[in-house]
Every structure is written in structure tokens, then in C-alpha cells.
Amino acid sequence: MRVLPKANELCWCGSGKKYKRCHKETMEPVHAGRVSPRLPVPDTIDKPTWADGGRIERWDEPRVKSPEVIERMRRTCREAADTLAFLGTLCQPGVTTDEIDRACHNECLRRNSYPSPLEYPGGGGVAPFPKSLCTSVNEVICHGIPDDRPLADGDIVNLDVTLFKEGVHGDTNATFFVGEVDDLSRRLTVVTRDCLLRGIDAAKPGRPLNEIGRAIQSCAETQGFGVVRDFVGHGIGEQFHTELQVCHYYHPRLNDVLEPGMTFTIEPMITAGSWRVRLWTDGWTAVTADSSRTAQFEHTILITDDGNEILTTPTDPSSHPYWSL
Ligand code: MF3
Ligand code: CO
Ligand code: CO
């Protein structure tokens, strides 16, 4: 499969220029680096079933959570959001994604919580996720594995933090600028933030679930961007991923009605070019088929009687990374 345009073909960015005259020099594709040894988690920390080589346990978790579960989710989600805001300050040129992962790991332990991605089982013979954080740089859509690649001036990097504490998960991510970023990548990132917020606006009790994807898709496509189909938002609570799926494009059959007490993520992945996915041989790293850049933002939300509540709001809301976009 061709990954990048040939030198004389049009650049993927829509400038109308030849690739060699446009993004060829500045945007080398991301390559897999070296992954450091697994970091330990002390016995005093409550672990999900997959820690230490275990399996994902699945059961019929009610979509509508009890007030008691919701209270625990509020606390865990806030810890995830505060961790993400802190990690965002580390996204500087020269810092490796492995260093950011180690900071995430240590921050989770300091907060008496388990980093949910660590040892999360892969499907179909894929080794468990080896790190505590997903770091997805430039054309990496999601599930990038932290390694020894230093962040470069002009990169965009998504950090996806999930924390397990008090028996529940809190899942949130954001895309950060590394140094000076080109206009297209900035616009892509701002539009992706807007897509998430429009999706959240559409998440109201009594409304069909697919209104969320409809709002996101129209926000992205009117700006000329693509919506990734292969990864979706998900129900969350005592399980990291429940059966509830939240498509980020309009899916006519996903018309279940939203009810107060439901908790799920919205996490649109938006692309500057093709929304089709190619998987690295590590079985995790998902990149755009044409190596165009991609951005993502994620919140865990709760449907309330009169709208919704963003559970992954940090203690200081103005510390959320999209505040300044
Ligand atoms: N946090 C991701 C999500 O939003 C899932 C990461 S699973 C991992 O659903 F194994 F890749 F870490
Ligand atoms: Co998620
Ligand atoms: Co996530």
C-alpha cells in the first residue's frame, strides 16, 4: 500500500502544490521506536482484572448508573482530567513519549490509581498494551505506544489518559502542540475540539444517541476534514469499555434514546486527509492510510435530567488544554 504521495503528486494538505514543494521535508512519517521495560505497580493499588497478565472480565453492566457509582465516577474522572492537564505541560520539543508515559504512570500511582491502558489485552494474538498512556503523534490516529522518539518542533501529539480508582474508570484525551505548529495542524486540532463540544451539546436525555455522531460529522466535513469510522466512543463505568457504542458519524440504526444516568465517552478522531486506517505490525498503532495528520479529543460524560455533565473536567477548568485553542 502506498503510504505517502509520490514527490510529484499533490500534497495531502490541499494546498494544490506538489508534495515535494509542500509537506515532504517537514513531515516525515512517525516510525516505531524502542519501548522501555514495563513499569511496576505496587500491591497496595486496586487493579482491574487485566493487570498482571489477567483477562478483561465482561458482564452486563447497567447503562444507567446508580447515584453511588456516579459519585465514584465523578471523583475518578476528575483525577484523570487533572493528570491529563499536567501531562500536557510536558509536551515540549526533545521530550520523549516514554518520559511522558513514566510521568503518567507515577502520577497515577501518586493518586492511588491504576493506569488502565497498562497490560490491556489486545485482540487476536496481539500482545497486551505495554504502557500506561497512549501517545499518538501526527498521523497516528490512536493507541500509539510511548517509545524513545523525542517530540519535534511542529508535532501534534494526543495523550489519552485512563485511570482506574474506586472501582471505576475515567477516560479523557487531548491533542497538544509541540513548539510552533503549522496552520493546517492548528486548524485541524481546533476543529476536532469543536467536534467534541458539538457532540457533547447533542447528548441530551430523550434524544437519540446518533445525534452525537451527526453533529460531529457535520462539524468536521463542512471544514473539509474526515471522521474516523473504525474507532468509537464507548460506555464506561466499572468496565473500561461496555457494549454501548458511540459512532462519531451519523449511523441511522444507533437510535437508542439517551437516558439520565448513562455514562459514556465521546472521542472523535478527525483527519486532514483520508479517514481510512492502517495498523502497524505492533497491532496497536493506528495511522491514517495516507499519512495525513489527525487529531482527537475525548471526554467522559454523564447524561443528566436536563442535559449532561462533563465528568472529565479538571479541578481548574481553565487548565483543560482546549481552553487556550
Ligand atoms: N483510552 C482509549 C479509549 O479511549 C483506550 C486505550 S486502550 C489501550 O478508549 F490499550 F490502547 F490502552
Ligand atoms: Co475512550
Ligand atoms: Co481514551
# chains A, B, ... in the order shown; residues from 1 in each chain; ligands from 1
>>> select_by_dssp(residues="stretch 60-253 of chain A", states="strand (DSSP E)", output="ChimeraX atom specification")
/A:114-115,134-137,140-142,156-165,168-177,226-227,233-234,245-246
>>> write_last_selection(atoms="N, CA, C and O atoms", output="compact mmCIF listing (two decimals), in the first residue's frame")
# COMPACT_ATOMS: atom_id res chain seq x y z
N TYR A 114 -4.76 3.04 39.24
CA TYR A 114 -4.09 2.20 38.25
C TYR A 114 -4.27 2.83 36.87
O TYR A 114 -5.37 3.24 36.50
N PRO A 115 -3.17 2.90 36.06
CA PRO A 115 -3.29 3.41 34.69
C PRO A 115 -3.93 2.34 33.79
O PRO A 115 -3.27 1.37 33.41
N CYS A 134 -1.54 6.26 26.16
CA CYS A 134 -1.43 6.20 24.69
C CYS A 134 -0.92 7.56 24.22
O CYS A 134 -1.47 8.60 24.60
N THR A 135 0.12 7.54 23.38
CA THR A 135 0.70 8.77 22.84
C THR A 135 0.66 8.68 21.31
O THR A 135 1.34 7.84 20.73
N SER A 136 -0.13 9.53 20.68
CA SER A 136 -0.36 9.42 19.23
C SER A 136 0.10 10.69 18.54
O SER A 136 -0.51 11.75 18.70
N VAL A 137 1.20 10.57 17.79
CA VAL A 137 1.87 11.72 17.18
C VAL A 137 1.49 11.85 15.70
O VAL A 137 1.49 10.86 14.95
N VAL A 140 -0.60 9.43 13.58
CA VAL A 140 -1.12 8.34 14.42
C VAL A 140 -2.49 8.75 14.94
O VAL A 140 -2.64 9.79 15.59
N ILE A 141 -3.49 7.93 14.63
CA ILE A 141 -4.88 8.25 14.99
C ILE A 141 -5.11 8.01 16.48
O ILE A 141 -5.70 8.83 17.18
N CYS A 142 -4.67 6.85 16.97
CA CYS A 142 -4.88 6.49 18.37
C CYS A 142 -4.03 5.28 18.73
O CYS A 142 -3.47 4.63 17.85
N ILE A 156 2.11 17.44 16.46
CA ILE A 156 0.94 17.45 17.34
C ILE A 156 0.90 16.07 17.99
O ILE A 156 1.20 15.06 17.35
N VAL A 157 0.57 16.04 19.28
CA VAL A 157 0.58 14.75 19.99
C VAL A 157 -0.67 14.64 20.86
O VAL A 157 -1.00 15.56 21.61
N ASN A 158 -1.36 13.51 20.71
CA ASN A 158 -2.51 13.23 21.56
C ASN A 158 -2.08 12.36 22.73
O ASN A 158 -1.38 11.36 22.56
N LEU A 159 -2.49 12.78 23.93
CA LEU A 159 -2.26 11.97 25.14
C LEU A 159 -3.62 11.46 25.60
O LEU A 159 -4.53 12.25 25.82
N ASP A 160 -3.74 10.13 25.73
CA ASP A 160 -5.01 9.53 26.14
C ASP A 160 -4.81 8.87 27.51
O ASP A 160 -4.13 7.85 27.63
N VAL A 161 -5.41 9.48 28.53
CA VAL A 161 -5.24 9.06 29.92
C VAL A 161 -6.49 8.32 30.38
O VAL A 161 -7.60 8.83 30.23
N THR A 162 -6.32 7.12 30.92
CA THR A 162 -7.44 6.46 31.60
C THR A 162 -6.94 5.95 32.94
O THR A 162 -5.90 5.31 33.03
N LEU A 163 -7.71 6.29 33.98
CA LEU A 163 -7.34 5.96 35.35
C LEU A 163 -8.41 5.05 35.94
O LEU A 163 -9.59 5.23 35.65
N PHE A 164 -7.98 4.09 36.74
CA PHE A 164 -8.92 3.21 37.44
C PHE A 164 -8.75 3.43 38.94
O PHE A 164 -7.66 3.26 39.49
N LYS A 165 -9.83 3.89 39.59
CA LYS A 165 -9.79 4.15 41.03
C LYS A 165 -11.19 4.00 41.59
O LYS A 165 -12.17 4.31 40.87
N VAL A 168 -13.85 2.23 39.33
CA VAL A 168 -14.39 2.77 38.07
C VAL A 168 -13.28 3.44 37.25
O VAL A 168 -12.24 3.83 37.79
N HIS A 169 -13.55 3.55 35.94
CA HIS A 169 -12.58 4.15 35.02
C HIS A 169 -13.00 5.57 34.64
O HIS A 169 -14.20 5.88 34.53
N GLY A 170 -12.00 6.42 34.40
CA GLY A 170 -12.22 7.77 33.87
C GLY A 170 -11.30 7.93 32.67
O GLY A 170 -10.10 7.71 32.79
N ASP A 171 -11.85 8.32 31.52
CA ASP A 171 -11.13 8.25 30.24
C ASP A 171 -11.20 9.61 29.57
O ASP A 171 -12.30 10.14 29.30
N THR A 172 -10.05 10.20 29.25
CA THR A 172 -10.04 11.53 28.62
C THR A 172 -8.76 11.72 27.81
O THR A 172 -7.71 11.20 28.18
N ASN A 173 -8.86 12.43 26.71
CA ASN A 173 -7.65 12.72 25.94
C ASN A 173 -7.71 14.08 25.29
O ASN A 173 -8.77 14.71 25.21
N ALA A 174 -6.54 14.55 24.87
CA ALA A 174 -6.44 15.86 24.21
C ALA A 174 -5.22 15.85 23.31
O ALA A 174 -4.28 15.09 23.52
N THR A 175 -5.26 16.74 22.31
CA THR A 175 -4.14 16.91 21.38
C THR A 175 -3.40 18.19 21.75
O THR A 175 -4.02 19.23 21.99
N PHE A 176 -2.08 18.08 21.83
CA PHE A 176 -1.22 19.20 22.25
C PHE A 176 -0.30 19.60 21.10
O PHE A 176 0.13 18.75 20.31
N PHE A 177 0.04 20.90 21.06
CA PHE A 177 1.01 21.41 20.09
C PHE A 177 2.41 21.30 20.69
O PHE A 177 2.61 21.63 21.86
N GLY A 226 -12.03 14.65 7.63
CA GLY A 226 -12.65 13.33 7.65
C GLY A 226 -12.90 12.85 9.08
O GLY A 226 -12.28 13.31 10.03
N VAL A 227 -13.85 11.91 9.21
CA VAL A 227 -14.18 11.31 10.51
C VAL A 227 -13.79 9.84 10.49
O VAL A 227 -14.26 9.08 9.63
N GLY A 233 -16.61 5.98 20.45
CA GLY A 233 -16.76 6.19 21.88
C GLY A 233 -17.46 4.98 22.48
O GLY A 233 -17.98 4.12 21.76
N HIS A 234 -17.53 4.93 23.80
CA HIS A 234 -17.97 3.70 24.47
C HIS A 234 -18.59 4.00 25.83
O HIS A 234 -18.20 4.96 26.49
N GLN A 245 -21.95 1.71 22.06
CA GLN A 245 -21.04 2.30 21.08
C GLN A 245 -21.52 3.69 20.69
O GLN A 245 -22.70 3.91 20.45
N VAL A 246 -20.58 4.61 20.60
CA VAL A 246 -20.89 5.99 20.22
C VAL A 246 -20.12 6.31 18.94
O VAL A 246 -18.93 6.64 18.98
>>> residues_around(residues="stretch 70-76 of chain A", least_positions_apart="2", cutoff="9 Å", atoms="only C-alpha atoms", output="ChimeraX atom specification")
/A:65-68,78-81,113,163-170,237-238,261,263,302,311-312
>>> residues_around(residues="A:Leu87", least_positions_apart="5", cutoff="8 Å", atoms="only C-alpha atoms", output="list in words")
Ile100, Ala103, Cys104 and Leu159 of chain A
>>> residues_near_ligand(ligand="ligand 1", cutoff="9 Å", atoms="only C-alpha atoms and all ligand atoms", output="NGL selection string")
:A and (115-122 or 128-134 or 142-145 or 160-162 or 171-173 or 231-234 or 240-241 or 265-267 or 284-285 or 298-299)
>>> atom_distance(atom1="atom CA of A:Val178", atom2="atom CA of A:Asp316")
22.5 Å
>>> closest_residue(among="A:Ser318, A:Cys247, A:Asp305, A:Ser324", to="ligand 2", atoms="only C-alpha atoms and all ligand atoms")
A:Cys247
>>> select_by_dssp(residues="stretch 176-281 of chain A", states="alpha helix (DSSP H)", output="NGL selection string")
:A and (183-201 or 210-221)
>>> decode(residues="stretch 195-308 of chain A", atoms="C-alpha atoms", output="tab-separated table (two decimals), in the first residue's frame")
chain	number	residue	atom	x	y	z
A	195	CYS	CA	-16.40	18.47	17.05
A	196	LEU	CA	-16.19	17.09	20.58
A	197	LEU	CA	-18.05	20.06	22.04
A	198	ARG	CA	-20.78	19.87	19.36
A	199	GLY	CA	-21.12	16.15	20.04
A	200	ILE	CA	-21.49	16.85	23.76
A	201	ASP	CA	-24.14	19.51	23.00
A	202	ALA	CA	-26.17	16.87	21.16
A	203	ALA	CA	-26.04	14.43	24.11
A	204	LYS	CA	-29.33	15.16	25.88
A	205	PRO	CA	-31.91	12.95	27.60
A	206	GLY	CA	-34.74	11.89	25.29
A	207	ARG	CA	-32.60	12.41	22.16
A	208	PRO	CA	-31.31	9.54	20.02
A	209	LEU	CA	-27.68	8.54	20.50
A	210	ASN	CA	-26.87	9.04	16.81
A	211	GLU	CA	-27.47	12.78	17.05
A	212	ILE	CA	-23.99	12.93	18.60
A	213	GLY	CA	-22.31	11.49	15.51
A	214	ARG	CA	-24.47	13.58	13.21
A	215	ALA	CA	-23.28	16.79	14.91
A	216	ILE	CA	-19.63	15.70	14.86
A	217	GLN	CA	-19.69	14.62	11.22
A	218	SER	CA	-21.23	17.87	10.02
A	219	CYS	CA	-18.72	19.92	12.04
A	220	ALA	CA	-15.76	18.01	10.53
A	221	GLU	CA	-16.94	17.66	6.95
A	222	THR	CA	-18.00	21.29	6.48
A	223	GLN	CA	-14.35	22.11	7.25
A	224	GLY	CA	-13.15	19.56	4.67
A	225	PHE	CA	-11.95	17.06	7.27
A	226	GLY	CA	-12.65	13.33	7.65
A	227	VAL	CA	-14.18	11.31	10.51
A	228	VAL	CA	-12.52	8.02	11.51
A	229	ARG	CA	-15.06	5.15	11.43
A	230	ASP	CA	-13.03	2.30	12.90
A	231	PHE	CA	-12.86	3.57	16.49
A	232	VAL	CA	-15.85	4.74	18.51
A	233	GLY	CA	-16.76	6.19	21.88
A	234	HIS	CA	-17.97	3.70	24.47
A	235	GLY	CA	-19.99	3.16	27.60
A	236	ILE	CA	-17.74	3.31	30.68
A	237	GLY	CA	-18.07	2.74	34.41
A	238	GLU	CA	-16.94	-0.29	36.37
A	239	GLN	CA	-15.78	-1.57	32.98
A	240	PHE	CA	-13.40	0.38	30.73
A	241	HIS	CA	-15.43	-0.40	27.59
A	242	THR	CA	-19.05	-1.56	27.78
A	243	GLU	CA	-21.28	-2.71	24.93
A	244	LEU	CA	-22.58	0.84	24.25
A	245	GLN	CA	-21.04	2.30	21.08
A	246	VAL	CA	-20.89	5.99	20.22
A	247	CYS	CA	-20.15	6.49	16.50
A	248	HIS	CA	-18.65	9.83	15.54
A	249	TYR	CA	-20.50	9.85	12.20
A	250	TYR	CA	-24.23	9.52	11.53
A	251	HIS	CA	-25.29	5.91	11.96
A	252	PRO	CA	-29.07	5.55	11.31
A	253	ARG	CA	-29.51	2.36	13.34
A	254	LEU	CA	-27.83	3.65	16.52
A	255	ASN	CA	-31.02	5.40	17.57
A	256	ASP	CA	-31.27	4.29	21.23
A	257	VAL	CA	-32.71	7.07	23.33
A	258	LEU	CA	-30.37	8.71	25.85
A	259	GLU	CA	-31.42	8.47	29.50
A	260	PRO	CA	-30.30	10.30	32.64
A	261	GLY	CA	-27.60	8.27	34.42
A	262	MET	CA	-25.90	6.94	31.27
A	263	THR	CA	-22.12	7.42	31.20
A	264	PHE	CA	-20.04	7.16	28.05
A	265	THR	CA	-17.15	8.72	26.19
A	266	ILE	CA	-17.21	10.89	23.09
A	267	GLU	CA	-13.81	10.86	21.39
A	268	PRO	CA	-13.83	11.99	17.74
A	269	MET	CA	-10.74	11.27	15.64
A	270	ILE	CA	-10.67	13.80	12.78
A	271	THR	CA	-8.31	13.67	9.78
A	272	ALA	CA	-6.86	16.26	7.41
A	273	GLY	CA	-6.97	13.69	4.58
A	274	SER	CA	-8.19	10.11	4.40
A	275	TRP	CA	-10.17	8.75	7.36
A	276	ARG	CA	-9.15	5.20	6.48
A	277	VAL	CA	-6.99	3.37	8.98
A	278	ARG	CA	-3.80	1.34	8.62
A	279	LEU	CA	-2.46	-0.65	11.58
A	280	TRP	CA	1.23	-1.00	12.41
A	281	THR	CA	2.58	-4.52	12.91
A	282	ASP	CA	2.58	-3.92	16.68
A	283	GLY	CA	-1.19	-4.49	16.42
A	284	TRP	CA	-1.99	-1.24	18.27
A	285	THR	CA	-0.71	1.86	16.48
A	286	ALA	CA	-3.44	3.10	14.10
A	287	VAL	CA	-2.34	5.60	11.43
A	288	THR	CA	-4.17	7.34	8.59
A	289	ALA	CA	-3.94	5.40	5.30
A	290	ASP	CA	-2.39	8.43	3.53
A	291	SER	CA	-0.24	9.62	6.47
A	292	SER	CA	-2.25	12.82	6.75
A	293	ARG	CA	-2.39	14.33	10.19
A	294	THR	CA	-5.14	13.54	12.66
A	295	ALA	CA	-6.32	14.95	15.99
A	296	GLN	CA	-8.56	13.71	18.81
A	297	PHE	CA	-10.22	14.97	21.99
A	298	GLU	CA	-12.12	12.82	24.50
A	299	HIS	CA	-14.39	13.38	27.48
A	300	THR	CA	-16.32	11.00	29.71
A	301	ILE	CA	-19.83	12.43	30.14
A	302	LEU	CA	-22.94	11.74	32.22
A	303	ILE	CA	-26.47	12.26	30.87
A	304	THR	CA	-28.41	14.33	33.42
A	305	ASP	CA	-32.10	15.26	33.72
A	306	ASP	CA	-31.61	18.46	31.75
A	307	GLY	CA	-28.56	17.81	29.56
A	308	ASN	CA	-25.20	16.38	30.51
